[in-house]
file model-v7.txt (compact mmCIF, C-alpha atoms and all ligand atoms)
# COMPACT_ATOMS: atom_id res chain seq x y z
CA MET W 1450 108.18 -48.89 263.27
CA ASN W 1451 105.56 -49.47 260.64
CA ILE W 1452 105.60 -51.86 257.71
CA GLU W 1453 105.96 -49.10 255.07
CA ILE W 1454 109.30 -48.07 256.57
CA ALA W 1455 110.35 -51.70 256.77
CA GLU W 1456 109.50 -52.18 253.10
CA GLU W 1457 111.71 -49.28 252.02
CA LYS W 1458 114.68 -50.79 253.85
CA ILE W 1459 114.08 -54.19 252.32
CA ILE W 1460 114.49 -52.86 248.81
CA GLU W 1461 117.90 -51.49 249.71
CA ASN W 1462 119.35 -54.43 251.55
CA GLY W 1463 117.37 -57.60 250.92
CA PHE W 1464 116.56 -57.77 254.62
CA LEU W 1465 115.12 -55.64 257.42
CA ASN W 1466 118.20 -53.74 258.49
CA LEU W 1467 116.77 -52.63 261.82
CA GLU W 1468 118.35 -52.57 265.25
CA VAL W 1469 117.32 -55.36 267.57
CA ASP W 1470 117.39 -54.67 271.31
CA PRO W 1471 120.35 -56.79 272.51
CA THR W 1472 118.62 -57.49 275.85
CA LEU W 1473 115.73 -59.32 274.14
CA ASP W 1474 115.49 -63.07 274.57
CA LEU W 1475 115.10 -63.79 270.87
CA PHE W 1476 114.27 -67.48 271.40
CA ALA W 1477 111.31 -66.53 273.62
CA GLU W 1478 110.26 -63.64 271.35
CA ILE W 1479 110.28 -65.86 268.25
CA GLU W 1480 108.22 -68.52 270.06
CA LYS W 1481 105.71 -65.86 271.08
CA LEU W 1482 105.43 -64.44 267.55
CA LYS W 1483 105.03 -67.92 266.04
CA LYS W 1484 102.02 -68.59 268.28
CA GLU W 1485 100.50 -65.13 267.76
CA LYS W 1486 100.70 -65.40 263.98
CA ASN W 1487 100.21 -69.14 263.53
CA ALA W 1488 103.60 -69.22 261.80
CA ILE W 1489 105.88 -72.20 261.22
CA VAL W 1490 109.67 -71.90 260.97
CA LEU W 1491 111.20 -74.37 258.51
CA ALA W 1492 114.99 -74.63 258.61
CA HIS W 1493 117.54 -76.40 256.44
CA PHE W 1494 120.34 -78.36 258.15
CA TYR W 1495 122.88 -75.77 256.96
CA GLN W 1496 121.39 -72.99 259.11
CA GLU W 1497 123.31 -71.78 262.15
CA PRO W 1498 122.62 -73.81 265.34
CA ASP W 1499 120.47 -71.10 267.03
CA ILE W 1500 118.13 -71.02 264.05
CA GLN W 1501 117.90 -74.82 263.99
CA ASP W 1502 117.00 -74.71 267.68
CA VAL W 1503 114.02 -72.36 267.19
CA ALA W 1504 112.76 -74.15 264.07
CA ASP W 1505 109.58 -76.24 264.08
CA TYR W 1506 110.99 -78.52 261.41
CA ILE W 1507 114.57 -79.08 260.25
CA GLY W 1508 115.21 -81.07 257.13
CA ASP W 1509 116.70 -81.61 253.70
CA SER W 1510 115.27 -80.12 250.51
CA LEU W 1511 112.74 -82.93 250.00
CA GLY W 1512 111.52 -82.94 253.61
CA LEU W 1513 111.23 -79.15 253.61
CA ALA W 1514 109.22 -79.12 250.37
CA GLN W 1515 106.82 -81.71 251.75
CA LYS W 1516 106.45 -79.88 255.05
CA ALA W 1517 105.82 -76.60 253.24
CA GLN W 1518 103.11 -78.27 251.17
CA SER W 1519 101.31 -79.94 254.08
CA THR W 1520 101.46 -77.28 256.80
CA ASN W 1521 98.30 -75.79 258.31
CA ALA W 1522 100.15 -72.69 259.49
CA ASP W 1523 99.15 -69.34 257.97
CA MET W 1524 102.72 -68.22 257.53
CA ILE W 1525 105.84 -70.15 256.48
CA VAL W 1526 109.07 -68.55 257.64
CA PHE W 1527 111.81 -70.20 255.62
CA ALA W 1528 115.23 -70.34 257.24
CA GLY W 1529 117.08 -71.48 254.17
CA VAL W 1530 117.89 -70.10 250.73
CA HIS W 1531 115.75 -68.47 248.07
CA PHE W 1532 115.01 -71.52 245.88
CA MET W 1533 113.72 -73.36 248.96
CA ALA W 1534 111.35 -70.56 249.99
CA GLU W 1535 110.27 -70.21 246.36
CA THR W 1536 109.50 -73.94 246.24
CA ALA W 1537 107.37 -73.51 249.38
CA LYS W 1538 105.42 -70.71 247.66
CA ILE W 1539 105.03 -72.77 244.48
CA LEU W 1540 103.58 -75.66 246.46
CA ASN W 1541 101.46 -73.69 248.91
CA PRO W 1542 100.52 -70.35 247.33
CA SER W 1543 97.77 -69.41 249.79
CA LYS W 1544 100.35 -69.08 252.59
CA LYS W 1545 102.50 -66.06 253.26
CA VAL W 1546 106.07 -67.29 252.68
CA LEU W 1547 108.87 -65.26 254.25
CA LEU W 1548 112.66 -65.43 253.84
CA PRO W 1549 114.76 -63.50 256.40
CA ASP W 1550 117.25 -62.34 253.73
CA LEU W 1551 116.31 -62.21 250.05
CA LYS W 1552 119.99 -62.28 249.12
CA ALA W 1553 120.28 -65.81 250.48
CA GLY W 1554 120.74 -67.29 247.01
CA CYS W 1555 122.70 -70.33 245.83
CA SER W 1556 125.81 -70.54 243.65
CA LEU W 1557 124.46 -73.73 242.08
CA ALA W 1558 121.12 -72.12 241.18
CA ASP W 1559 123.03 -69.10 239.80
CA SER W 1560 125.09 -71.39 237.55
CA ALA W 1561 122.03 -71.99 235.34
CA PRO W 1562 120.77 -68.70 233.87
CA LYS W 1563 117.40 -69.07 232.16
CA ASP W 1564 118.34 -67.96 228.61
CA LEU W 1565 121.50 -70.07 228.38
CA PHE W 1566 119.69 -73.06 229.74
CA LYS W 1567 116.78 -72.62 227.35
CA ALA W 1568 119.21 -72.52 224.38
CA PHE W 1569 120.94 -75.67 225.67
CA LYS W 1570 117.62 -77.45 226.06
CA ASP W 1571 116.48 -76.38 222.56
CA LYS W 1572 119.70 -77.82 221.10
CA HIS W 1573 118.84 -81.21 222.61
CA SER W 1574 115.09 -81.22 222.09
CA ASP W 1575 114.82 -85.04 222.21
CA HIS W 1576 116.13 -85.00 225.82
CA LEU W 1577 114.00 -85.14 228.94
CA VAL W 1578 115.10 -82.53 231.49
CA ILE W 1579 115.64 -83.59 235.10
CA SER W 1580 116.67 -80.66 237.30
CA TYR W 1581 117.97 -80.67 240.82
CA ILE W 1582 115.72 -78.63 243.10
CA ASN W 1583 118.63 -76.18 243.63
CA CYS W 1584 117.56 -74.02 240.68
CA SER W 1585 115.32 -71.04 240.01
CA ALA W 1586 111.60 -71.29 239.25
CA ASP W 1587 112.48 -70.34 235.64
CA ILE W 1588 114.66 -73.45 235.30
CA LYS W 1589 112.03 -75.58 237.02
CA ALA W 1590 109.47 -74.37 234.48
CA LEU W 1591 111.83 -75.53 231.70
CA SER W 1592 112.22 -78.96 233.31
CA ASP W 1593 110.22 -82.18 233.07
CA ILE W 1594 110.95 -83.54 236.54
CA ILE W 1595 112.63 -82.07 239.63
CA CYS W 1596 114.73 -84.16 242.00
CA THR W 1597 116.61 -83.73 245.26
CA SER W 1598 119.68 -85.58 246.51
CA SER W 1599 117.31 -87.88 248.48
CA ASN W 1600 115.29 -89.11 245.51
CA ALA W 1601 117.43 -88.45 242.40
CA GLU W 1602 118.25 -92.11 241.78
CA ALA W 1603 114.58 -93.18 241.96
CA ILE W 1604 113.56 -90.29 239.70
CA ILE W 1605 116.14 -91.24 237.06
CA ASN W 1606 115.26 -94.93 237.31
CA SER W 1607 111.60 -94.08 236.68
CA VAL W 1608 112.54 -92.89 233.18
CA PRO W 1609 112.83 -95.52 230.38
CA ALA W 1610 116.46 -96.55 229.89
CA ASP W 1611 116.58 -95.46 226.24
CA GLN W 1612 115.27 -91.94 226.93
CA PRO W 1613 118.10 -89.36 226.63
CA ILE W 1614 118.24 -87.07 229.68
CA ILE W 1615 119.67 -83.63 230.43
CA PHE W 1616 120.62 -83.32 234.10
CA ALA W 1617 120.99 -79.81 235.52
CA PRO W 1618 122.45 -77.80 237.11
CA ASP W 1619 124.95 -79.81 239.24
CA LYS W 1620 127.62 -81.61 237.20
CA ASN W 1621 129.03 -83.38 240.29
CA LEU W 1622 125.69 -84.81 241.37
CA GLY W 1623 124.97 -85.62 237.72
CA ALA W 1624 128.27 -87.51 237.30
CA TYR W 1625 127.63 -89.39 240.54
CA LEU W 1626 124.14 -90.35 239.32
CA ASN W 1627 125.44 -91.41 235.91
CA LYS W 1628 127.75 -93.82 237.72
CA LYS W 1629 125.02 -95.09 240.07
CA THR W 1630 122.36 -95.60 237.40
CA GLY W 1631 124.55 -96.57 234.43
CA ARG W 1632 123.08 -93.71 232.36
CA ASN W 1633 124.91 -91.23 230.23
CA MET W 1634 122.94 -88.09 231.08
CA LEU W 1635 124.03 -84.88 229.44
CA LEU W 1636 125.27 -82.66 232.28
CA TRP W 1637 124.87 -78.92 232.68
CA ASN W 1638 128.17 -77.40 233.84
CA GLY W 1639 127.13 -76.06 237.26
CA ALA W 1640 128.45 -76.69 240.75
CA CYS W 1641 128.06 -75.70 244.40
CA MET W 1642 130.89 -73.47 245.63
CA VAL W 1643 130.80 -75.08 249.09
CA HIS W 1644 131.00 -78.70 247.97
CA GLU W 1645 133.77 -77.99 245.44
CA ILE W 1646 136.11 -76.57 248.09
CA PHE W 1647 137.08 -79.76 249.95
CA SER W 1648 140.74 -80.69 249.78
CA LEU W 1649 141.47 -84.28 248.76
CA GLU W 1650 144.98 -83.95 250.14
CA LYS W 1651 143.87 -82.69 253.55
CA ILE W 1652 141.08 -85.26 253.81
CA THR W 1653 143.57 -88.02 252.96
CA LYS W 1654 145.88 -86.76 255.74
CA LEU W 1655 142.95 -86.61 258.19
CA LYS W 1656 142.01 -90.19 257.32
CA ILE W 1657 145.56 -91.29 258.08
CA ARG W 1658 145.48 -89.46 261.43
CA HIS W 1659 142.04 -90.94 262.26
CA PRO W 1660 142.12 -94.45 260.78
CA GLU W 1661 138.95 -95.31 262.72
CA ALA W 1662 136.99 -92.50 261.04
CA GLN W 1663 134.61 -92.87 258.11
CA LEU W 1664 134.38 -90.20 255.43
CA ILE W 1665 130.74 -89.31 254.67
CA ALA W 1666 130.05 -86.98 251.76
CA HIS W 1667 127.23 -85.15 250.01
CA PRO W 1668 126.92 -86.05 246.30
CA GLU W 1669 127.47 -82.38 245.34
CA CYS W 1670 131.17 -83.04 246.16
CA GLU W 1671 133.66 -83.63 243.36
CA GLU W 1672 134.25 -87.16 242.10
CA ALA W 1673 137.70 -87.45 243.72
CA ILE W 1674 136.14 -86.95 247.18
CA LEU W 1675 133.18 -89.25 246.50
CA ARG W 1676 135.56 -91.97 245.27
CA ILE W 1677 137.19 -92.22 248.72
CA SER W 1678 134.02 -91.68 250.78
CA ASP W 1679 132.60 -94.51 252.89
CA TYR W 1680 129.04 -93.26 252.47
CA THR W 1681 127.42 -90.73 250.12
CA GLY W 1682 123.98 -89.22 250.63
CA SER W 1683 121.71 -86.22 251.12
CA THR W 1684 121.93 -84.28 254.38
CA THR W 1685 119.15 -86.38 255.94
CA GLN W 1686 120.79 -89.60 254.75
CA LEU W 1687 124.19 -88.51 256.13
CA LEU W 1688 122.59 -87.67 259.47
CA LYS W 1689 120.71 -90.98 259.71
CA TYR W 1690 123.73 -93.00 258.61
CA SER W 1691 126.12 -91.38 261.10
CA VAL W 1692 123.70 -91.81 264.03
CA ALA W 1693 122.86 -95.46 263.23
CA SER W 1694 126.38 -96.61 262.28
CA ASP W 1695 128.65 -98.58 264.63
CA CYS W 1696 131.43 -96.19 263.73
CA ASN W 1697 132.14 -93.44 266.27
CA THR W 1698 134.15 -90.90 264.26
CA PHE W 1699 133.17 -89.24 261.00
CA ILE W 1700 134.84 -86.80 258.63
CA VAL W 1701 131.89 -84.88 257.21
CA ALA W 1702 132.19 -83.53 253.65
CA THR W 1703 129.25 -81.16 253.43
CA GLU W 1704 128.30 -77.76 254.83
CA THR W 1705 129.18 -77.49 258.54
CA GLY W 1706 125.62 -76.66 259.74
CA ILE W 1707 124.69 -80.37 259.64
CA LEU W 1708 127.20 -81.10 262.43
CA HIS W 1709 124.83 -79.48 264.95
CA GLN W 1710 122.15 -82.16 264.42
CA MET W 1711 124.75 -84.93 264.19
CA GLN W 1712 126.23 -83.91 267.53
CA LYS W 1713 122.76 -83.50 269.11
CA ASN W 1714 121.62 -86.93 267.90
CA ALA W 1715 124.87 -88.73 268.71
CA PRO W 1716 126.48 -86.76 271.56
CA ASN W 1717 129.16 -89.38 272.19
CA LYS W 1718 130.40 -89.53 268.61
CA THR W 1719 133.04 -87.31 267.03
CA PHE W 1720 132.26 -85.32 263.88
CA ILE W 1721 135.11 -83.62 262.07
CA PRO W 1722 134.29 -81.11 259.32
CA ALA W 1723 136.16 -82.05 256.14
CA PRO W 1724 138.82 -79.38 255.54
CA PRO W 1725 138.62 -76.94 252.64
CA THR W 1726 141.57 -76.18 250.34
CA ASN W 1727 142.60 -73.08 252.30
CA ASN W 1728 142.15 -71.99 255.87
CA CYS W 1729 138.96 -69.97 255.42
CA ALA W 1730 135.59 -71.22 256.63
CA CYS W 1731 134.50 -71.79 253.04
CA ASN W 1732 132.68 -75.00 253.89
CA ASP W 1733 130.14 -72.64 255.49
CA CYS W 1734 127.64 -71.67 252.80
CA PRO W 1735 127.79 -67.86 252.58
CA TYR W 1736 124.16 -67.77 251.43
CA MET W 1737 122.72 -70.05 254.10
CA LYS W 1738 124.68 -68.15 256.70
CA LEU W 1739 123.14 -64.79 255.68
CA ASN W 1740 120.19 -65.74 257.87
CA THR W 1741 120.65 -64.83 261.53
CA LEU W 1742 118.43 -65.11 264.59
CA GLU W 1743 117.98 -61.31 264.53
CA LYS W 1744 116.87 -61.32 260.89
CA LEU W 1745 114.54 -64.25 261.60
CA TYR W 1746 112.96 -62.36 264.49
CA LEU W 1747 112.46 -59.20 262.42
CA CYS W 1748 111.10 -61.24 259.54
CA ILE W 1749 108.35 -62.84 261.65
CA LYS W 1750 107.61 -59.60 263.47
CA TYR W 1751 107.15 -57.41 260.37
CA GLU W 1752 106.18 -60.23 257.98
CA LEU W 1753 108.90 -59.19 255.54
CA PRO W 1754 110.67 -59.97 253.23
CA GLU W 1755 107.96 -61.95 251.50
CA ILE W 1756 108.32 -64.30 248.51
CA LEU W 1757 106.01 -63.14 245.73
CA MET W 1758 105.71 -64.92 242.39
CA ASP W 1759 104.20 -64.46 238.98
CA GLU W 1760 101.23 -66.87 238.92
CA ASN W 1761 101.97 -68.27 235.44
CA LEU W 1762 105.54 -69.06 236.45
CA ARG W 1763 104.31 -70.61 239.68
CA ILE W 1764 101.91 -72.93 237.84
CA ALA W 1765 104.53 -73.91 235.23
CA SER W 1766 107.21 -74.59 237.82
CA LYS W 1767 104.84 -76.65 239.98
CA ILE W 1768 104.29 -79.33 237.29
CA PRO W 1769 107.80 -80.91 237.50
CA ILE W 1770 107.79 -80.62 241.31
CA ASP W 1771 104.47 -82.47 241.48
CA ARG W 1772 105.94 -85.18 239.23
CA MET W 1773 108.87 -85.50 241.64
CA LEU W 1774 106.54 -85.88 244.63
CA GLU W 1775 104.41 -88.42 242.78
CA ILE W 1776 107.41 -90.59 241.82
CA SER W 1777 108.84 -90.28 245.34
CA ARG W 1778 105.53 -91.43 246.81
CA ALA W 1779 105.33 -94.38 244.39
CA ALA W 1780 108.90 -95.35 245.32
CA GLY W 1781 107.99 -95.23 249.04
CA LEU W 1782 110.46 -92.41 249.70
CA ILE W 1783 107.80 -90.12 251.17
CA GLY W 1784 104.47 -90.73 252.86
CA GLY W 1785 100.98 -89.58 251.92
P1 LIG D 1 119.91 -81.65 250.72
O1 LIG D 1 119.73 -81.12 252.12
O2 LIG D 1 118.59 -81.88 250.06
O3 LIG D 1 120.80 -82.84 250.70
O4 LIG D 1 120.61 -80.47 249.86
C1 LIG D 1 121.84 -79.97 250.18
C2 LIG D 1 122.05 -78.58 249.69
O5 LIG D 1 123.05 -78.23 249.16
C3 LIG D 1 121.01 -77.63 249.90
O6 LIG D 1 121.42 -76.42 249.41
FE1 LIG D 2 123.64 -73.60 247.14
FE2 LIG D 2 125.78 -74.94 247.83
FE3 LIG D 2 124.81 -73.14 249.50
FE4 LIG D 2 123.47 -75.45 249.06
S1 LIG D 2 125.47 -75.22 250.03
S2 LIG D 2 122.62 -73.38 249.11
S3 LIG D 2 123.98 -75.82 246.90
S4 LIG D 2 125.68 -72.72 247.47

call {"tool": "encode", "arguments": {"input": "model-v7.txt", "output": "structure tokens"}}
result
Amino acid sequence: MNIEIAEEKIIENGFLNLEVDPTLDLFAEIEKLKKEKNAIVLAHFYQEPDIQDVADYIGDSLGLAQKAQSTNADMIVFAGVHFMAETAKILNPSKKVLLPDLKAGCSLADSAPKDLFKAFKDKHSDHLVISYINCSADIKALSDIICTSSNAEAIINSVPADQPIIFAPDKNLGAYLNKKTGRNMLLWNGACMVHEIFSLEKITKLKIRHPEAQLIAHPECEEAILRISDYTGSTTQLLKYSVASDCNTFIVATETGILHQMQKNAPNKTFIPAPPTNNCACNDCPYMKLNTLEKLYLCIKYELPEILMDENLRIASKIPIDRMLEISRAAGLIGG
């Protein structure tokens, strides 16, 4: 197999659709390739457990962005979705950034197309634009400051109270932040398909069946879920809270991948995934779950698919991310 052949296949499918010998120990092979190529595997908490177990760093969007910026590795293999790998490339352009499946997108990022968003922004030209990191580089380039669920409150509070703000693209996170900060930010009408699927009725029934359990929820969830949650936070915050809390049972309203780290860090506690409205596994993110151990192995081996960016767009989209990192540092939310 040579790289030219691999490249042809990538154009068709978004990933290297090659057979992997089923007798291979992929964990050992990936470790070997990482050393050979001085590669680092960064994984989001929503990745499947096997991928989390071979990763060098597992984190939320803020932690992953920081790690991508500070790594000394020559190659960043991003086990996450496209906007995350793109952010890694924006922050660290001299590295080769790889994503096992280029079709690993994000419904929330897709909910803000560039032209529509530009028109919306132009209509409210006196507004400052704060965008959630779950958006394309085009939207980042149209934004003044980026935020993640870990630092959004601090970012908003850093802006003078009388400054009108557009918050995009997540209306649920935006509404939650309006409530927390007392602002009246103008919200773009986007949402995450995974966090909108939780059933209030089924969660209420679960809470009655497990009166000892606490409901913990990601702020991308709808207001009705957040209203009854005992704790709301980013994936890292949910993980830390559940491990440190005196409570032993949690109903977890976010993507199911996070349960792997919760269970690993608190093996004696019980974590129940919050139920979706129907019986499908729709609280699994279909984009995050496009990555598999086989695709990850092929990706490191053939160094494809690679994230490539227009340099002007990269520079423009880096400005609001740098502002985010600066404010986060000043607020003591990140080191360095
Ligand atoms: P965080 O891990 O930053 O909380 O983001 C959650 C998410 O939806 C990522 O796609
Ligand atoms: Fe996007 Fe939602 Fe999937 Fe996160 S969980 S990547 S916000 S679709």

call {"tool": "closest_residue", "arguments": {"input": "model-v7.txt", "among": "W:His1667, W:Lys1486, W:His1659, W:Lys1570", "to": "W:Lys1544", "atoms": "only C-alpha atoms"}}
result
W:Lys1486

call {"tool": "residues_near_ligand", "arguments": {"input": "model-v7.txt", "ligand": "ligand LIG 1 (chain D)", "cutoff": "9 Å", "atoms": "only C-alpha atoms and all ligand atoms", "output": "PDB file with C-alpha atoms, in the frame of the given file"}}
result
ATOM      1  CA  HIS W1493     117.540 -76.400 256.440  1.00  0.00           C
ATOM      2  CA  PHE W1494     120.340 -78.360 258.150  1.00  0.00           C
ATOM      3  CA  TYR W1495     122.880 -75.770 256.960  1.00  0.00           C
ATOM      4  CA  GLY W1508     115.210 -81.070 257.130  1.00  0.00           C
ATOM      5  CA  ASP W1509     116.700 -81.610 253.700  1.00  0.00           C
ATOM      6  CA  SER W1510     115.270 -80.120 250.510  1.00  0.00           C
ATOM      7  CA  LEU W1511     112.740 -82.930 250.000  1.00  0.00           C
ATOM      8  CA  GLY W1512     111.520 -82.940 253.610  1.00  0.00           C
ATOM      9  CA  LEU W1513     111.230 -79.150 253.610  1.00  0.00           C
ATOM     10  CA  GLY W1529     117.080 -71.480 254.170  1.00  0.00           C
ATOM     11  CA  VAL W1530     117.890 -70.100 250.730  1.00  0.00           C
ATOM     12  CA  PHE W1532     115.010 -71.520 245.880  1.00  0.00           C
ATOM     13  CA  MET W1533     113.720 -73.360 248.960  1.00  0.00           C
ATOM     14  CA  CYS W1555     122.700 -70.330 245.830  1.00  0.00           C
ATOM     15  CA  LEU W1557     124.460 -73.730 242.080  1.00  0.00           C
ATOM     16  CA  ILE W1582     115.720 -78.630 243.100  1.00  0.00           C
ATOM     17  CA  ASN W1583     118.630 -76.180 243.630  1.00  0.00           C
ATOM     18  CA  THR W1597     116.610 -83.730 245.260  1.00  0.00           C
ATOM     19  CA  SER W1598     119.680 -85.580 246.510  1.00  0.00           C
ATOM     20  CA  SER W1599     117.310 -87.880 248.480  1.00  0.00           C
ATOM     21  CA  CYS W1641     128.060 -75.700 244.400  1.00  0.00           C
ATOM     22  CA  VAL W1643     130.800 -75.080 249.090  1.00  0.00           C
ATOM     23  CA  HIS W1644     131.000 -78.700 247.970  1.00  0.00           C
ATOM     24  CA  HIS W1667     127.230 -85.150 250.010  1.00  0.00           C
ATOM     25  CA  PRO W1668     126.920 -86.050 246.300  1.00  0.00           C
ATOM     26  CA  GLU W1669     127.470 -82.380 245.340  1.00  0.00           C
ATOM     27  CA  GLY W1682     123.980 -89.220 250.630  1.00  0.00           C
ATOM     28  CA  SER W1683     121.710 -86.220 251.120  1.00  0.00           C
ATOM     29  CA  THR W1684     121.930 -84.280 254.380  1.00  0.00           C
ATOM     30  CA  THR W1685     119.150 -86.380 255.940  1.00  0.00           C
ATOM     31  CA  GLN W1686     120.790 -89.600 254.750  1.00  0.00           C
ATOM     32  CA  LEU W1687     124.190 -88.510 256.130  1.00  0.00           C
ATOM     33  CA  THR W1703     129.250 -81.160 253.430  1.00  0.00           C
ATOM     34  CA  GLU W1704     128.300 -77.760 254.830  1.00  0.00           C
ATOM     35  CA  CYS W1734     127.640 -71.670 252.800  1.00  0.00           C
ATOM     36  CA  MET W1737     122.720 -70.050 254.100  1.00  0.00           C
TER      37      MET W1737
END

call {"tool": "residues_near_point", "arguments": {"input": "model-v7.txt", "point": "(132.5, -86.7, 257.6)", "cutoff": "12 Å", "atoms": "only C-alpha atoms", "output": "PyMOL selection string"}}
result
chain W and resi 1647+1652+1655-1656+1659+1661-1667+1674-1675+1677-1682+1684+1687-1688+1690-1691+1696-1705+1707-1708+1711+1718-1724

call {"tool": "axis_aligned_box", "arguments": {"input": "model-v7.txt", "around": "ligand LIG 2 (chain D)", "padding_each_side": "6 Å", "output": "AutoDock Vina command-line options"}}
result
--center_x 124.2 --center_y -74.3 --center_z 248.5 --size_x 15.2 --size_y 15.1 --size_z 15.1

call {"tool": "residues_near_point", "arguments": {"input": "model-v7.txt", "point": "(105.0, -87.3, 238.3)", "cutoff": "12 Å", "atoms": "all atoms listed in the file", "output": "CSV table (one decimal) with C-alpha atoms, keeping the file's coordinate frame"}}
result
chain,number,residue,atom,x,y,z
W,1579,ILE,CA,115.6,-83.6,235.1
W,1593,ASP,CA,110.2,-82.2,233.1
W,1594,ILE,CA,111.0,-83.5,236.5
W,1595,ILE,CA,112.6,-82.1,239.6
W,1596,CYS,CA,114.7,-84.2,242.0
W,1603,ALA,CA,114.6,-93.2,242.0
W,1604,ILE,CA,113.6,-90.3,239.7
W,1605,ILE,CA,116.1,-91.2,237.1
W,1607,SER,CA,111.6,-94.1,236.7
W,1608,VAL,CA,112.5,-92.9,233.2
W,1767,LYS,CA,104.8,-76.6,240.0
W,1768,ILE,CA,104.3,-79.3,237.3
W,1769,PRO,CA,107.8,-80.9,237.5
W,1770,ILE,CA,107.8,-80.6,241.3
W,1771,ASP,CA,104.5,-82.5,241.5
W,1772,ARG,CA,105.9,-85.2,239.2
W,1773,MET,CA,108.9,-85.5,241.6
W,1774,LEU,CA,106.5,-85.9,244.6
W,1775,GLU,CA,104.4,-88.4,242.8
W,1776,ILE,CA,107.4,-90.6,241.8
W,1777,SER,CA,108.8,-90.3,245.3
W,1778,ARG,CA,105.5,-91.4,246.8
W,1779,ALA,CA,105.3,-94.4,244.4
W,1780,ALA,CA,108.9,-95.4,245.3

call {"tool": "closest_residue", "arguments": {"input": "model-v7.txt", "among": "W:Ser1519, W:Thr1472, W:Ser1556, W:Asn1541", "to": "ligand LIG 2 (chain D)", "atoms": "all atoms listed in the file"}}
result
W:Ser1556

call {"tool": "closest_residue", "arguments": {"input": "model-v7.txt", "among": "W:Ile1525, W:Tyr1736, W:Ile1539, W:Met1634", "to": "W:Ala1492", "atoms": "all atoms listed in the file"}}
result
W:Ile1525

call {"tool": "closest_residue", "arguments": {"input": "model-v7.txt", "among": "W:Lys1750, W:His1576, W:Lys1589, W:Arg1763", "to": "W:Gln1612", "atoms": "all atoms listed in the file"}}
result
W:His1576

call {"tool": "closest_residue", "arguments": {"input": "model-v7.txt", "among": "W:Cys1731, W:Leu1747, W:Cys1584, W:Ile1764", "to": "W:Ser1648", "atoms": "all atoms listed in the file"}}
result
W:Cys1731

call {"tool": "residues_around", "arguments": {"input": "model-v7.txt", "residues": "W:Ala1537", "least_positions_apart": "5", "cutoff": "7 Å", "atoms": "only C-alpha atoms", "output": "short mmCIF file (atom, residue, chain, number, x, y, z; two decimals) with C-alpha atoms, in the frame of the given file"}}
result
data_model
loop_
_atom_site.label_atom_id
_atom_site.label_comp_id
_atom_site.auth_asym_id
_atom_site.auth_seq_id
_atom_site.Cartn_x
_atom_site.Cartn_y
_atom_site.Cartn_z
CA ALA W 1514 109.22 -79.12 250.37
CA ALA W 1517 105.82 -76.60 253.24
CA GLN W 1518 103.11 -78.27 251.17
#

call {"tool": "atom_distance", "arguments": {"input": "model-v7.txt", "atom1": "atom CA of W:Ala1765", "atom2": "atom CA of W:Leu1591"}}
result
8.3 Å

call {"tool": "atom_distance", "arguments": {"input": "model-v7.txt", "atom1": "atom CA of W:Val1578", "atom2": "atom CA of W:Ala1617"}}
result
7.6 Å

call {"tool": "atom_distance", "arguments": {"input": "model-v7.txt", "atom1": "atom CA of W:Lys1563", "atom2": "atom CA of W:Phe1616"}}
result
14.7 Å

call {"tool": "closest_residue", "arguments": {"input": "model-v7.txt", "among": "W:Asn1627, W:Ser1580, W:Asn1714, W:Asn1727", "to": "W:Ser1592", "atoms": "all atoms listed in the file"}}
result
W:Ser1580

call {"tool": "residues_around", "arguments": {"input": "model-v7.txt", "residues": "W:Ile1646", "least_positions_apart": "4", "cutoff": "7 Å", "atoms": "only C-alpha atoms", "output": "VMD selection string"}}
result
chain W and resid 1642 1725 to 1726 1732

call {"tool": "build_atoms", "arguments": {"input": "model-v7.txt", "residues": "stretch 1600-1606 of chain W", "atoms": "N, CA, C and O atoms", "output": "short mmCIF file (atom, residue, chain, number, x, y, z; two decimals), in the frame of the given file"}}
result
data_model
loop_
_atom_site.label_atom_id
_atom_site.label_comp_id
_atom_site.auth_asym_id
_atom_site.auth_seq_id
_atom_site.Cartn_x
_atom_site.Cartn_y
_atom_site.Cartn_z
N ASN W 1600 116.12 -88.26 246.39
CA ASN W 1600 115.29 -89.11 245.51
C ASN W 1600 115.81 -89.19 244.07
O ASN W 1600 115.15 -89.81 243.22
N ALA W 1601 116.96 -88.57 243.79
CA ALA W 1601 117.43 -88.45 242.40
C ALA W 1601 117.54 -89.81 241.69
O ALA W 1601 117.13 -89.94 240.52
N GLU W 1602 118.06 -90.80 242.41
CA GLU W 1602 118.25 -92.11 241.78
C GLU W 1602 116.90 -92.70 241.37
O GLU W 1602 116.75 -93.21 240.24
N ALA W 1603 115.92 -92.63 242.26
CA ALA W 1603 114.58 -93.18 241.96
C ALA W 1603 113.93 -92.41 240.81
O ALA W 1603 113.27 -93.01 239.96
N ILE W 1604 114.15 -91.11 240.77
CA ILE W 1604 113.56 -90.29 239.70
C ILE W 1604 114.16 -90.74 238.35
O ILE W 1604 113.43 -90.97 237.38
N ILE W 1605 115.47 -90.87 238.31
CA ILE W 1605 116.14 -91.24 237.06
C ILE W 1605 115.72 -92.66 236.65
O ILE W 1605 115.41 -92.91 235.48
N ASN W 1606 115.66 -93.55 237.62
CA ASN W 1606 115.26 -94.93 237.31
C ASN W 1606 113.81 -95.06 236.85
O ASN W 1606 113.43 -96.07 236.26
#
